[in-house]
Amino acid sequence: MISVEECDFIIREKKLDYALPLKENETVELKLSTSELKEAIISIVAILNKHQSGELYFGVKDDGTVLGQQLGRGTLRDISRAISENIEPSVHPSIYQVEISGKKCVLVEFSGNKVPYFAYGRAYIRVADEDRRLSVHELENMILSKNRDKLRWDTEVCRDATLDDISERKLLSFLKDAERQFDGDLRSSLDKLKLLSNDKPTNAAIILFGKAPEDFFPNARLRCAMFARDDTSLILDMQDYYGDLFYLIARAEKYVLSNIHVGMRLDGLKRVDVPEIDRDALREGIINAFCHRDYFEYDSVNVAVFKDRVEIRNKGRLYGGLSVEKIRSGMFSERRNELIADIFHEAGLIEKWGTGIQKILNAEPETCFEEVGTQFIVTFRRNVSEEINITGDEPDDGLQENQRIILQLMKSNPRISKRKIAEIIRINSSAIDKNIATLKKKGFLRRVGSPKSGHWEVLSDK
């Protein structure tokens, strides 16, 4: 504990020009007298935690009225001792006798950057002219922010890993996509990407380009599951995948698309798949889960396909003081894993300006973002109440989906072959023959000319 003799308190006049009346704000606190010393110490801590410096006056009412403060050697010593004994980490204020409006008052000037500060074992934050106790979540974010560089998982050296654990094939593939030159030296390329620390691979280097990242990180894992209902009571399938982040992202996207409805539309004669969840929005949600997750936590990224929704879960609440409201409202971005985010940006997976959430919301406005426990969850709603309209407005014509597609194809290209139709729709030739026979029978279609040189004539597509 610091001794009173070490504190900087001065019984002397400090000549200052005051703009009267004094007003309380986020860096100035006014106290009537030292009878409010406990409340004053709380205010000092609150201001330090918000602005790292401030001023406190004894002898001035909170409305700015100057009443003065009786003081002596013992008064200043009591203030100094109270601050020394009840604030952690230690604060070394300067304490002055000042004259305001002809009356003697006490000015306490304080500063410090060792946040968070605690008064009587509790942390506070300054909001306008009030002192509010910090929540556990706010305190956690303050500590993480203070130690951000020290606590960054992706910049740490990967224990026991060497350059031999890096896949040159994976690195070369990335460099090509990022339009970077490979100078023939693995070490040099990794160093330029800031993936080496003291000439050793970082965690980011291994989990991005490692031959077998799971050998070093059991949480380099993706867990996918499909459920028959809206809850987890009946599981239909579960798969675990291990590997580098690029591989896991691709597997997650493929798993979801394989287990949700995927319709189609025609772009000329080209088939274009149309998933019930926008592909770009889905991919963005998956990428964000791997980019922003807390890799200090042992867990996988979890993707769950339910009857009514798709959930993407990752360990790690929002970072850097962000909230769900903030990320939904605009281009706010705080990156927990800077190195991983930079590599994803160079690979074209993410933007640097925090546009990912807006990209998701523009394509899928009903997407839900929430924090539950230590996890961040993105939920996409599925279209369970209606069929996907794959060809535009569907008339009440009694035709099946594939039959309408066949009519569209023949109308666009009257000489299209059955084999080409089967290739586009992805059904066998016998099914094509049956559908064509049905269309002819119902009066929607006829063949003009010979089987080889003739053409199709669509009689009605209504």
# chains A, B, ... in the order shown; residues from 1 in each chain; ligands from 1
>>> residues_around(residues="Thr155 of chain A", least_positions_apart="4", cutoff="12 Å", atoms="only C-alpha atoms", output="PyMOL selection string")
chain A and resi 148-151+159+193-198+200-207+295+336-341
>>> atom_distance(atom1="atom CA of Asn49 of chain A", atom2="atom CA of Glu29 of chain A")
14.2 Å
>>> residues_around(residues="Thr65 of chain A", least_positions_apart="4", cutoff="12 Å", atoms="only C-alpha atoms", output="count of residues only")
17
>>> residues_around(residues="Gly54 of chain A", least_positions_apart="5", cutoff="6 Å", atoms="only C-alpha atoms", output="list in words")
Thr27, Val28 and Phe110 of chain A
>>> select_by_dssp(residues="segment 309-433 of chain A", states="strand (DSSP E)", output="PyMOL selection string")
chain A and resi 309-315+368-372+375-381
>>> write_last_selection(atoms="C-alpha atoms", output="PDB file, in the first residue's frame")
ATOM      1  CA  ARG A 309     -34.647 -22.785 -39.612  1.00  0.00           C
ATOM      2  CA  VAL A 310     -30.870 -23.085 -39.966  1.00  0.00           C
ATOM      3  CA  GLU A 311     -28.679 -22.120 -37.000  1.00  0.00           C
ATOM      4  CA  ILE A 312     -24.972 -21.277 -37.066  1.00  0.00           C
ATOM      5  CA  ARG A 313     -23.342 -21.187 -33.634  1.00  0.00           C
ATOM      6  CA  ASN A 314     -19.836 -20.204 -32.593  1.00  0.00           C
ATOM      7  CA  LYS A 315     -18.131 -19.736 -29.262  1.00  0.00           C
ATOM      8  CA  CYS A 368     -31.895 -13.323 -36.198  1.00  0.00           C
ATOM      9  CA  PHE A 369     -28.662 -12.514 -34.336  1.00  0.00           C
ATOM     10  CA  GLU A 370     -28.396 -13.273 -30.632  1.00  0.00           C
ATOM     11  CA  GLU A 371     -25.980 -13.945 -27.801  1.00  0.00           C
ATOM     12  CA  VAL A 372     -26.810 -16.923 -25.593  1.00  0.00           C
ATOM     13  CA  GLN A 375     -22.184 -18.285 -27.890  1.00  0.00           C
ATOM     14  CA  PHE A 376     -23.154 -16.099 -30.813  1.00  0.00           C
ATOM     15  CA  ILE A 377     -26.000 -17.512 -32.911  1.00  0.00           C
ATOM     16  CA  VAL A 378     -27.181 -16.619 -36.405  1.00  0.00           C
ATOM     17  CA  THR A 379     -30.577 -18.026 -37.391  1.00  0.00           C
ATOM     18  CA  PHE A 380     -31.921 -18.146 -40.949  1.00  0.00           C
ATOM     19  CA  ARG A 381     -35.634 -18.833 -41.423  1.00  0.00           C
TER      20      ARG A 381
END
>>> residues_around(residues="Pro89 of chain A", least_positions_apart="2", cutoff="10 Å", atoms="only C-alpha atoms", output="list of chain:residue names")
A:Val45, A:Ser84, A:Asn86, A:Ile87, A:Val91, A:Gly112, A:Asn113, A:Lys114, A:Val115, A:Pro116, A:Tyr117, A:Phe118, A:Ala119
>>> residues_around(residues="segment 296-308 of chain A", least_positions_apart="5", cutoff="6 Å", atoms="only C-alpha atoms", output="PDB file with N, CA and C atoms, in the first residue's frame")
ATOM      1  N   ASN A 219     -10.252 -27.978 -31.515  1.00  0.00           N
ATOM      2  CA  ASN A 219     -11.431 -27.184 -31.869  1.00  0.00           C
ATOM      3  C   ASN A 219     -11.396 -26.676 -33.315  1.00  0.00           C
ATOM      4  N   ARG A 221     -12.715 -27.669 -35.797  1.00  0.00           N
ATOM      5  CA  ARG A 221     -13.740 -28.666 -36.096  1.00  0.00           C
ATOM      6  C   ARG A 221     -15.060 -27.997 -36.445  1.00  0.00           C
ATOM      7  N   LEU A 222     -15.783 -28.643 -37.319  1.00  0.00           N
ATOM      8  CA  LEU A 222     -17.143 -28.244 -37.696  1.00  0.00           C
ATOM      9  C   LEU A 222     -18.072 -29.398 -37.361  1.00  0.00           C
ATOM     10  N   ARG A 223     -19.142 -29.117 -36.669  1.00  0.00           N
ATOM     11  CA  ARG A 223     -20.142 -30.145 -36.372  1.00  0.00           C
ATOM     12  C   ARG A 223     -21.453 -29.749 -37.046  1.00  0.00           C
ATOM     13  N   CYS A 224     -21.957 -30.641 -37.892  1.00  0.00           N
ATOM     14  CA  CYS A 224     -23.200 -30.385 -38.627  1.00  0.00           C
ATOM     15  C   CYS A 224     -24.238 -31.423 -38.227  1.00  0.00           C
ATOM     16  N   ALA A 225     -25.477 -30.985 -38.141  1.00  0.00           N
ATOM     17  CA  ALA A 225     -26.553 -31.910 -37.792  1.00  0.00           C
ATOM     18  C   ALA A 225     -27.835 -31.496 -38.489  1.00  0.00           C
ATOM     19  N   MET A 226     -28.676 -32.495 -38.764  1.00  0.00           N
ATOM     20  CA  MET A 226     -29.979 -32.262 -39.359  1.00  0.00           C
ATOM     21  C   MET A 226     -31.040 -32.897 -38.465  1.00  0.00           C
ATOM     22  N   PHE A 227     -32.093 -32.126 -38.184  1.00  0.00           N
ATOM     23  CA  PHE A 227     -33.153 -32.589 -37.294  1.00  0.00           C
ATOM     24  C   PHE A 227     -34.482 -32.653 -38.044  1.00  0.00           C
ATOM     25  N   ARG A 229     -37.468 -32.189 -36.812  1.00  0.00           N
ATOM     26  CA  ARG A 229     -38.480 -31.265 -36.298  1.00  0.00           C
ATOM     27  C   ARG A 229     -37.885 -29.891 -36.034  1.00  0.00           C
ATOM     28  N   ASP A 230     -38.660 -29.078 -35.305  1.00  0.00           N
ATOM     29  CA  ASP A 230     -38.196 -27.733 -34.959  1.00  0.00           C
ATOM     30  C   ASP A 230     -37.330 -27.735 -33.714  1.00  0.00           C
ATOM     31  N   ARG A 313     -23.778 -21.568 -34.978  1.00  0.00           N
ATOM     32  CA  ARG A 313     -23.342 -21.187 -33.634  1.00  0.00           C
ATOM     33  C   ARG A 313     -21.818 -21.197 -33.534  1.00  0.00           C
ATOM     34  N   ASN A 314     -21.271 -20.201 -32.871  1.00  0.00           N
ATOM     35  CA  ASN A 314     -19.836 -20.204 -32.593  1.00  0.00           C
ATOM     36  C   ASN A 314     -19.578 -19.680 -31.193  1.00  0.00           C
ATOM     37  N   ARG A 382     -36.417 -20.776 -42.670  1.00  0.00           N
ATOM     38  CA  ARG A 382     -36.675 -21.556 -43.865  1.00  0.00           C
ATOM     39  C   ARG A 382     -38.098 -21.322 -44.353  1.00  0.00           C
TER      40      ARG A 382
END
>>> residues_around(residues="segment 164-179 of chain A", least_positions_apart="2", cutoff="8 Å", atoms="only C-alpha atoms", output="list in words")
Ala161, Thr162, Gln181, Phe182, Leu186, Ala205, Ile206, Phe209, Gly210, Lys211, Ala212, Glu346, Ala347 and Gly348 of chain A
>>> write_last_selection(atoms="C-alpha atoms", output="PDB file, in the first residue's frame")
ATOM      1  CA  ALA A 161       4.566 -26.452 -34.705  1.00  0.00           C
ATOM      2  CA  THR A 162       7.277 -25.922 -37.334  1.00  0.00           C
ATOM      3  CA  GLN A 181       3.553 -13.673 -55.898  1.00  0.00           C
ATOM      4  CA  PHE A 182       5.251 -16.717 -54.429  1.00  0.00           C
ATOM      5  CA  LEU A 186       7.690 -20.711 -47.726  1.00  0.00           C
ATOM      6  CA  ALA A 205      -0.743 -19.939 -39.882  1.00  0.00           C
ATOM      7  CA  ILE A 206      -1.531 -23.483 -38.757  1.00  0.00           C
ATOM      8  CA  PHE A 209      -2.611 -23.456 -43.970  1.00  0.00           C
ATOM      9  CA  GLY A 210      -1.625 -26.366 -41.751  1.00  0.00           C
ATOM     10  CA  LYS A 211      -1.381 -29.883 -43.159  1.00  0.00           C
ATOM     11  CA  ALA A 212      -3.450 -31.149 -40.231  1.00  0.00           C
ATOM     12  CA  GLU A 346      -7.288 -11.129 -49.149  1.00  0.00           C
ATOM     13  CA  ALA A 347      -9.000 -14.364 -50.163  1.00  0.00           C
ATOM     14  CA  GLY A 348     -12.126 -12.370 -51.015  1.00  0.00           C
TER      15      GLY A 348
END
>>> atom_distance(atom1="atom CA of Ile425 of chain A", atom2="atom CA of Glu284 of chain A")
28.5 Å
>>> closest_residue(among="A:Ile436, A:Leu67, A:Ala289, A:Leu37", to="Arg404 of chain A", atoms="only C-alpha atoms")
A:Ile436
>>> atom_distance(atom1="atom CA of Gly121 of chain A", atom2="atom CA of His137 of chain A")
16.7 Å
>>> closest_residue(among="A:Ser43, A:Ser53, A:Ser90, A:Gln70", to="Asp131 of chain A", atoms="only C-alpha atoms")
A:Ser43
>>> closest_residue(among="A:Asp273, A:Ile287, A:Asp237, A:Asp154", to="Ile249 of chain A", atoms="only C-alpha atoms")
A:Ile287
>>> closest_atom_pairs(of="segment 158-265 of chain A", to="segment 405-408 of chain A", cutoff="12 Å", atoms="only C-alpha atoms", output="CSV")
residue,atom,partner,partner_atom,distance
A:Gly263,CA,A:Ile405,CA,11.5
A:Met264,CA,A:Ile405,CA,9.6
A:Arg265,CA,A:Ile405,CA,8.9
>>> write_last_selection(atoms="C-alpha atoms", output="compact mmCIF listing (two decimals), in the first residue's frame")
# COMPACT_ATOMS: atom_id res chain seq x y z
CA GLY A 263 -35.19 -24.98 -56.57
CA MET A 264 -34.08 -23.60 -59.89
CA ARG A 265 -34.63 -20.90 -62.42
>>> select_by_dssp(residues="segment 19-67 of chain A", states="alpha helix (DSSP H)", output="PyMOL selection string")
chain A and resi 37-51
>>> write_last_selection(atoms="N, CA and C atoms", output="mmCIF file, in the first residue's frame")
data_model
loop_
_atom_site.group_PDB
_atom_site.id
_atom_site.type_symbol
_atom_site.label_atom_id
_atom_site.label_comp_id
_atom_site.auth_asym_id
_atom_site.auth_seq_id
_atom_site.Cartn_x
_atom_site.Cartn_y
_atom_site.Cartn_z
ATOM 1 N N LEU A 37 -16.880 11.799 0.949
ATOM 2 C CA LEU A 37 -15.601 11.268 0.462
ATOM 3 C C LEU A 37 -15.773 9.894 -0.210
ATOM 4 N N LYS A 38 -16.615 9.030 0.348
ATOM 5 C CA LYS A 38 -16.817 7.711 -0.260
ATOM 6 C C LYS A 38 -17.410 7.852 -1.666
ATOM 7 N N GLU A 39 -18.433 8.687 -1.799
ATOM 8 C CA GLU A 39 -19.039 8.914 -3.109
ATOM 9 C C GLU A 39 -18.032 9.540 -4.071
ATOM 10 N N ALA A 40 -17.135 10.391 -3.526
ATOM 11 C CA ALA A 40 -16.108 11.035 -4.355
ATOM 12 C C ALA A 40 -15.144 10.000 -4.926
ATOM 13 N N ILE A 41 -14.770 9.029 -4.113
ATOM 14 C CA ILE A 41 -13.839 7.984 -4.576
ATOM 15 C C ILE A 41 -14.491 7.147 -5.677
ATOM 16 N N ILE A 42 -15.765 6.866 -5.525
ATOM 17 C CA ILE A 42 -16.483 6.141 -6.572
ATOM 18 C C ILE A 42 -16.490 6.941 -7.872
ATOM 19 N N SER A 43 -16.679 8.257 -7.768
ATOM 20 C CA SER A 43 -16.672 9.119 -8.959
ATOM 21 C C SER A 43 -15.297 9.136 -9.625
ATOM 22 N N ILE A 44 -14.243 9.161 -8.829
ATOM 23 C CA ILE A 44 -12.893 9.135 -9.393
ATOM 24 C C ILE A 44 -12.692 7.862 -10.216
ATOM 25 N N VAL A 45 -13.097 6.729 -9.675
ATOM 26 C CA VAL A 45 -12.959 5.452 -10.382
ATOM 27 C C VAL A 45 -13.794 5.443 -11.658
ATOM 28 N N ALA A 46 -15.030 5.937 -11.570
ATOM 29 C CA ALA A 46 -15.909 5.950 -12.748
ATOM 30 C C ALA A 46 -15.317 6.785 -13.876
ATOM 31 N N ILE A 47 -14.753 7.945 -13.509
ATOM 32 C CA ILE A 47 -14.148 8.822 -14.518
ATOM 33 C C ILE A 47 -12.888 8.200 -15.095
ATOM 34 N N LEU A 48 -12.073 7.607 -14.246
ATOM 35 C CA LEU A 48 -10.855 6.944 -14.733
ATOM 36 C C LEU A 48 -11.180 5.827 -15.717
ATOM 37 N N ASN A 49 -12.188 5.041 -15.401
ATOM 38 C CA ASN A 49 -12.546 3.929 -16.282
ATOM 39 C C ASN A 49 -13.093 4.405 -17.625
ATOM 40 N N LYS A 50 -13.612 5.629 -17.682
ATOM 41 C CA LYS A 50 -14.169 6.142 -18.937
ATOM 42 C C LYS A 50 -13.161 7.013 -19.695
ATOM 43 N N HIS A 51 -12.469 7.884 -18.975
ATOM 44 C CA HIS A 51 -11.624 8.879 -19.660
ATOM 45 C C HIS A 51 -10.162 8.898 -19.209
#
>>> decode(residues="segment 187-253 of chain A", atoms="C-alpha atoms", output="PDB file, in the first residue's frame")
ATOM      1  CA  ARG A 187       9.188 -18.822 -44.805  1.00  0.00           C
ATOM      2  CA  SER A 188       9.315 -15.537 -46.687  1.00  0.00           C
ATOM      3  CA  SER A 189       5.720 -15.840 -47.904  1.00  0.00           C
ATOM      4  CA  LEU A 190       4.409 -16.543 -44.405  1.00  0.00           C
ATOM      5  CA  ASP A 191       6.436 -13.668 -43.006  1.00  0.00           C
ATOM      6  CA  LYS A 192       4.946 -11.232 -45.527  1.00  0.00           C
ATOM      7  CA  LEU A 193       1.498 -12.369 -44.438  1.00  0.00           C
ATOM      8  CA  LYS A 194       2.510 -11.712 -40.785  1.00  0.00           C
ATOM      9  CA  LEU A 195       1.938 -15.377 -39.987  1.00  0.00           C
ATOM     10  CA  LEU A 196       5.330 -15.890 -38.332  1.00  0.00           C
ATOM     11  CA  SER A 197       6.407 -14.791 -34.866  1.00  0.00           C
ATOM     12  CA  ASN A 198      10.075 -15.123 -33.979  1.00  0.00           C
ATOM     13  CA  ASP A 199      10.420 -17.241 -37.110  1.00  0.00           C
ATOM     14  CA  LYS A 200       7.780 -19.720 -35.882  1.00  0.00           C
ATOM     15  CA  PRO A 201       4.261 -20.336 -37.258  1.00  0.00           C
ATOM     16  CA  THR A 202       1.449 -18.581 -35.439  1.00  0.00           C
ATOM     17  CA  ASN A 203      -1.827 -20.220 -34.539  1.00  0.00           C
ATOM     18  CA  ALA A 204      -3.355 -18.445 -37.542  1.00  0.00           C
ATOM     19  CA  ALA A 205      -0.743 -19.939 -39.882  1.00  0.00           C
ATOM     20  CA  ILE A 206      -1.531 -23.483 -38.757  1.00  0.00           C
ATOM     21  CA  ILE A 207      -5.318 -23.238 -38.669  1.00  0.00           C
ATOM     22  CA  LEU A 208      -5.356 -21.595 -42.113  1.00  0.00           C
ATOM     23  CA  PHE A 209      -2.611 -23.456 -43.970  1.00  0.00           C
ATOM     24  CA  GLY A 210      -1.625 -26.366 -41.751  1.00  0.00           C
ATOM     25  CA  LYS A 211      -1.381 -29.883 -43.159  1.00  0.00           C
ATOM     26  CA  ALA A 212      -3.450 -31.149 -40.231  1.00  0.00           C
ATOM     27  CA  PRO A 213      -4.615 -28.266 -37.999  1.00  0.00           C
ATOM     28  CA  GLU A 214      -6.625 -30.678 -35.847  1.00  0.00           C
ATOM     29  CA  ASP A 215      -3.350 -32.197 -34.594  1.00  0.00           C
ATOM     30  CA  PHE A 216      -2.704 -28.921 -32.789  1.00  0.00           C
ATOM     31  CA  PHE A 217      -6.224 -27.607 -32.238  1.00  0.00           C
ATOM     32  CA  PRO A 218      -9.004 -30.070 -31.340  1.00  0.00           C
ATOM     33  CA  ASN A 219     -11.431 -27.184 -31.869  1.00  0.00           C
ATOM     34  CA  ALA A 220     -10.465 -26.880 -35.563  1.00  0.00           C
ATOM     35  CA  ARG A 221     -13.740 -28.666 -36.096  1.00  0.00           C
ATOM     36  CA  LEU A 222     -17.143 -28.244 -37.696  1.00  0.00           C
ATOM     37  CA  ARG A 223     -20.142 -30.145 -36.372  1.00  0.00           C
ATOM     38  CA  CYS A 224     -23.200 -30.385 -38.627  1.00  0.00           C
ATOM     39  CA  ALA A 225     -26.553 -31.910 -37.792  1.00  0.00           C
ATOM     40  CA  MET A 226     -29.979 -32.262 -39.359  1.00  0.00           C
ATOM     41  CA  PHE A 227     -33.153 -32.589 -37.294  1.00  0.00           C
ATOM     42  CA  ALA A 228     -36.579 -33.814 -38.352  1.00  0.00           C
ATOM     43  CA  ARG A 229     -38.480 -31.265 -36.298  1.00  0.00           C
ATOM     44  CA  ASP A 230     -38.196 -27.733 -34.959  1.00  0.00           C
ATOM     45  CA  ASP A 231     -36.279 -29.028 -31.943  1.00  0.00           C
ATOM     46  CA  THR A 232     -33.478 -31.522 -31.289  1.00  0.00           C
ATOM     47  CA  SER A 233     -35.726 -34.404 -30.243  1.00  0.00           C
ATOM     48  CA  LEU A 234     -35.240 -36.405 -33.470  1.00  0.00           C
ATOM     49  CA  ILE A 235     -31.876 -36.276 -35.215  1.00  0.00           C
ATOM     50  CA  LEU A 236     -31.618 -37.476 -38.794  1.00  0.00           C
ATOM     51  CA  ASP A 237     -27.924 -36.964 -39.407  1.00  0.00           C
ATOM     52  CA  MET A 238     -24.761 -35.731 -37.716  1.00  0.00           C
ATOM     53  CA  GLN A 239     -21.326 -35.191 -39.221  1.00  0.00           C
ATOM     54  CA  ASP A 240     -18.025 -33.919 -37.806  1.00  0.00           C
ATOM     55  CA  TYR A 241     -15.395 -32.361 -40.059  1.00  0.00           C
ATOM     56  CA  TYR A 242     -11.788 -31.452 -39.233  1.00  0.00           C
ATOM     57  CA  GLY A 243      -9.286 -29.366 -41.155  1.00  0.00           C
ATOM     58  CA  ASP A 244      -8.229 -25.859 -42.095  1.00  0.00           C
ATOM     59  CA  LEU A 245     -10.732 -22.998 -42.009  1.00  0.00           C
ATOM     60  CA  PHE A 246     -11.156 -22.767 -45.790  1.00  0.00           C
ATOM     61  CA  TYR A 247     -12.085 -26.458 -45.941  1.00  0.00           C
ATOM     62  CA  LEU A 248     -14.482 -26.192 -42.994  1.00  0.00           C
ATOM     63  CA  ILE A 249     -16.258 -23.180 -44.501  1.00  0.00           C
ATOM     64  CA  ALA A 250     -16.797 -25.062 -47.753  1.00  0.00           C
ATOM     65  CA  ARG A 251     -18.065 -28.146 -45.913  1.00  0.00           C
ATOM     66  CA  ALA A 252     -20.519 -26.119 -43.835  1.00  0.00           C
ATOM     67  CA  GLU A 253     -21.991 -24.442 -46.902  1.00  0.00           C
TER      68      GLU A 253
END
